[in-house]
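See structure below.
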Amino acid sequence: MYVLEHNNQLINYRVIKSNRKSVAIIVYPTKEVIVRAPNQISSDKIKNIVRSKGDWIIKKRNEMPEIVIPKKRDYTEGDKILYRGKEYTIKVINTVGISQSTILLKEKEIIIVKKTKEKKKIQELLLEWYKGEAKSLVKERIEFYMPQIKKPIGDIRIKSQKKRWGSCSSKGNLNFNWKIVMMPDEMFDYIIVHELCHLKHLNHSKLFWESVEKILPDYKIREKWIKENTLQLDFKGGIL
Ligand SMILES: [Zn+2]
């Protein structure tokens, strides 16, 4: 993630490079700014383009409603839900001839293929799916960051805490809220790194924050995003 200052406001943006010819800037309802750019363009050049569009980006960001998604969702057909920072519309397909209901992600839809005799409600199926996704993503990102931590780790659990994104016990057990899988990946990573650094320092001391910063130099921007966007994630209360 990159960041620049424009008229006293921070613009943080993510760059996705591909085999395209021009640069496009997209401001998402989550207020995320994504820059799609050709493979060969330099970071400095992208920064200049983003800066030249600074006014437009800030205006666009301000236009986005504060709470994009209703605080209380039913998680039924037609509802919008978040997964890894992107919005998907729930679509349900009832079908015979499958042994188990499944969930598939398409471009803008999350498709619940429900067997006709399924006893579980859509909400329950979604919750199970979210928890499974959270578990595999948490494990994957922990493996990625562990070489920088070098401390023994206990059990990793996915929970439904009301007021926490994550926590670390004195025994080195790590708990994560399944809802972190709704966040964009950068924010998800911040929660992971935050808890992993508690394996080294079980407090919020200066040393703790230094170890977070060493791994994620831009952690303050990520933390700020999480605080500002907590409502979108159906979540109230403290952070970590
Ligand atoms: Zn903490």
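Residue numbering restarts at 1 for every chain of the structure tokens, chains are lettered A, B, ... in their displayed order, and ligands are numbered from 1 as they appear.
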
So which residues of segment 120-212 of chain A fall under helix (DSSP H, G or I) by DSSP, listed as a PyMOL selection string? chain A and resi 122-148+178-182+185-198+206-212

Using only C-alpha atoms and all ligand atoms, find each residue in chain A having at least one atom no more than 10 Å away from ligand 1; report its shortest atom-to-atom pair and that distance in Å (one decimal), rows by chain then rising number, as CSV.
```
residue,atom,partner,partner_atom_place_in_ligand_line,distance
A:Arg164,CA,ligand 1,1 (Zn),10.0
A:Trp165,CA,ligand 1,1 (Zn),9.7
A:Gly166,CA,ligand 1,1 (Zn),8.0
A:Ser167,CA,ligand 1,1 (Zn),6.9
A:Cys168,CA,ligand 1,1 (Zn),7.9
A:Ile191,CA,ligand 1,1 (Zn),8.8
A:Val193,CA,ligand 1,1 (Zn),9.9
A:His194,CA,ligand 1,1 (Zn),6.1
A:Glu195,CA,ligand 1,1 (Zn),6.3
A:Leu196,CA,ligand 1,1 (Zn),9.4
A:Cys197,CA,ligand 1,1 (Zn),8.4
A:His198,CA,ligand 1,1 (Zn),6.6
A:His201,CA,ligand 1,1 (Zn),9.3
A:Leu202,CA,ligand 1,1 (Zn),7.8
A:Asn203,CA,ligand 1,1 (Zn),6.6
A:His204,CA,ligand 1,1 (Zn),6.1
A:Ser205,CA,ligand 1,1 (Zn),9.7
A:Phe208,CA,ligand 1,1 (Zn),8.7
A:Trp209,CA,ligand 1,1 (Zn),9.3
A:Ile239,CA,ligand 1,1 (Zn),7.9
A:Leu240,CA,ligand 1,1 (Zn),4.7
```

So that I can check the secondary structure, give me every residue of segment 20-189 of chain A assigned strand (DSSP E) by backbone DSSP, as a PyMOL selection string.
chain A and resi 24-27+33-38+80-83+86-95+102-105+109-115+156-159+166-168+174-177

Suppose we keep C-alpha atoms; can you now write the selection as a short mmCIF file (atom, residue, chain, number, x, y, z; two decimals), in the first residue's frame?
```cif
data_model
loop_
_atom_site.label_atom_id
_atom_site.label_comp_id
_atom_site.auth_asym_id
_atom_site.auth_seq_id
_atom_site.Cartn_x
_atom_site.Cartn_y
_atom_site.Cartn_z
CA ALA A 24 -7.16 4.00 -14.00
CA ILE A 25 -8.00 5.18 -10.50
CA ILE A 26 -11.00 3.66 -8.76
CA VAL A 27 -12.54 4.86 -5.50
CA VAL A 33 -8.43 3.77 -3.72
CA ILE A 34 -7.15 1.27 -6.23
CA VAL A 35 -4.85 2.22 -9.06
CA ARG A 36 -4.81 -0.11 -12.03
CA ALA A 37 -1.63 0.40 -13.99
CA PRO A 38 0.49 -1.11 -16.77
CA LYS A 80 -24.61 -7.04 0.05
CA ILE A 81 -21.81 -8.52 2.08
CA LEU A 82 -18.10 -7.87 2.34
CA TYR A 83 -15.35 -10.35 1.67
CA LYS A 86 -14.95 -6.25 -1.78
CA GLU A 87 -18.71 -6.11 -1.90
CA TYR A 88 -20.70 -9.11 -3.13
CA THR A 89 -24.44 -9.54 -3.61
CA ILE A 90 -25.94 -12.70 -2.18
CA LYS A 91 -27.58 -14.97 -4.73
CA VAL A 92 -29.24 -18.24 -3.85
CA ILE A 93 -29.67 -21.19 -6.20
CA ASN A 94 -31.75 -24.10 -4.97
CA THR A 95 -30.88 -27.39 -6.55
CA THR A 102 -21.67 -24.91 -1.41
CA ILE A 103 -20.68 -21.29 -1.73
CA LEU A 104 -19.00 -19.82 -4.78
CA LEU A 105 -17.57 -16.38 -5.47
CA GLU A 109 -21.86 -12.14 -6.51
CA ILE A 110 -21.59 -14.66 -3.78
CA ILE A 111 -23.60 -17.65 -4.91
CA ILE A 112 -25.07 -20.03 -2.40
CA VAL A 113 -25.83 -23.30 -4.12
CA LYS A 114 -28.28 -24.79 -1.71
CA LYS A 115 -29.48 -28.33 -1.86
CA ILE A 156 -4.99 -20.62 16.59
CA ARG A 157 -8.74 -20.22 16.94
CA ILE A 158 -11.45 -18.43 14.99
CA LYS A 159 -14.14 -16.97 17.22
CA GLY A 166 -8.05 -10.61 17.81
CA SER A 167 -6.26 -11.48 21.03
CA CYS A 168 -3.18 -13.25 22.32
CA LEU A 174 -4.11 -16.59 19.24
CA ASN A 175 -7.80 -15.86 18.70
CA PHE A 176 -9.20 -14.07 15.69
CA ASN A 177 -12.67 -12.80 14.91
#
```

Discussion item. Give me, as a list in words, all polymer residues having an atom no more than 8 Å from Gly154 of chain A, counting only C-alpha atoms and skipping those fewer than 5 positions away in the same chain.
Written reply: Lys171, Gly172, Asn173 and Leu174 of chain A

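Between atom CA of Ile221 of chain A and atom CA of Lys17 of chain A the interatomic distance comes to 22.0 Å.
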
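Coordinates place atom CA of Lys47 of chain A at a distance of 9.5 Å from atom CA of Tyr13 of chain A.
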
Using only C-alpha atoms, the shortest atom-to-atom distance to Lys45 of chain A among A:Tyr130, A:Asn62, A:Val15, A:Lys227 belongs to A:Val15

What separates atom CA of Ser99 of chain A and atom CA of Leu137 of chain A is a distance of 25.8 Å

Across A:Trp225, A:Tyr28, A:Trp129, A:Phe144, the smallest distance to Val181 of chain A, with only C-alpha atoms counted, is shown by A:Trp129

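Closest approach to Arg51 of chain A among A:His6, A:Arg141, A:Lys200, A:Lys150: A:His6, based on only C-alpha atoms.
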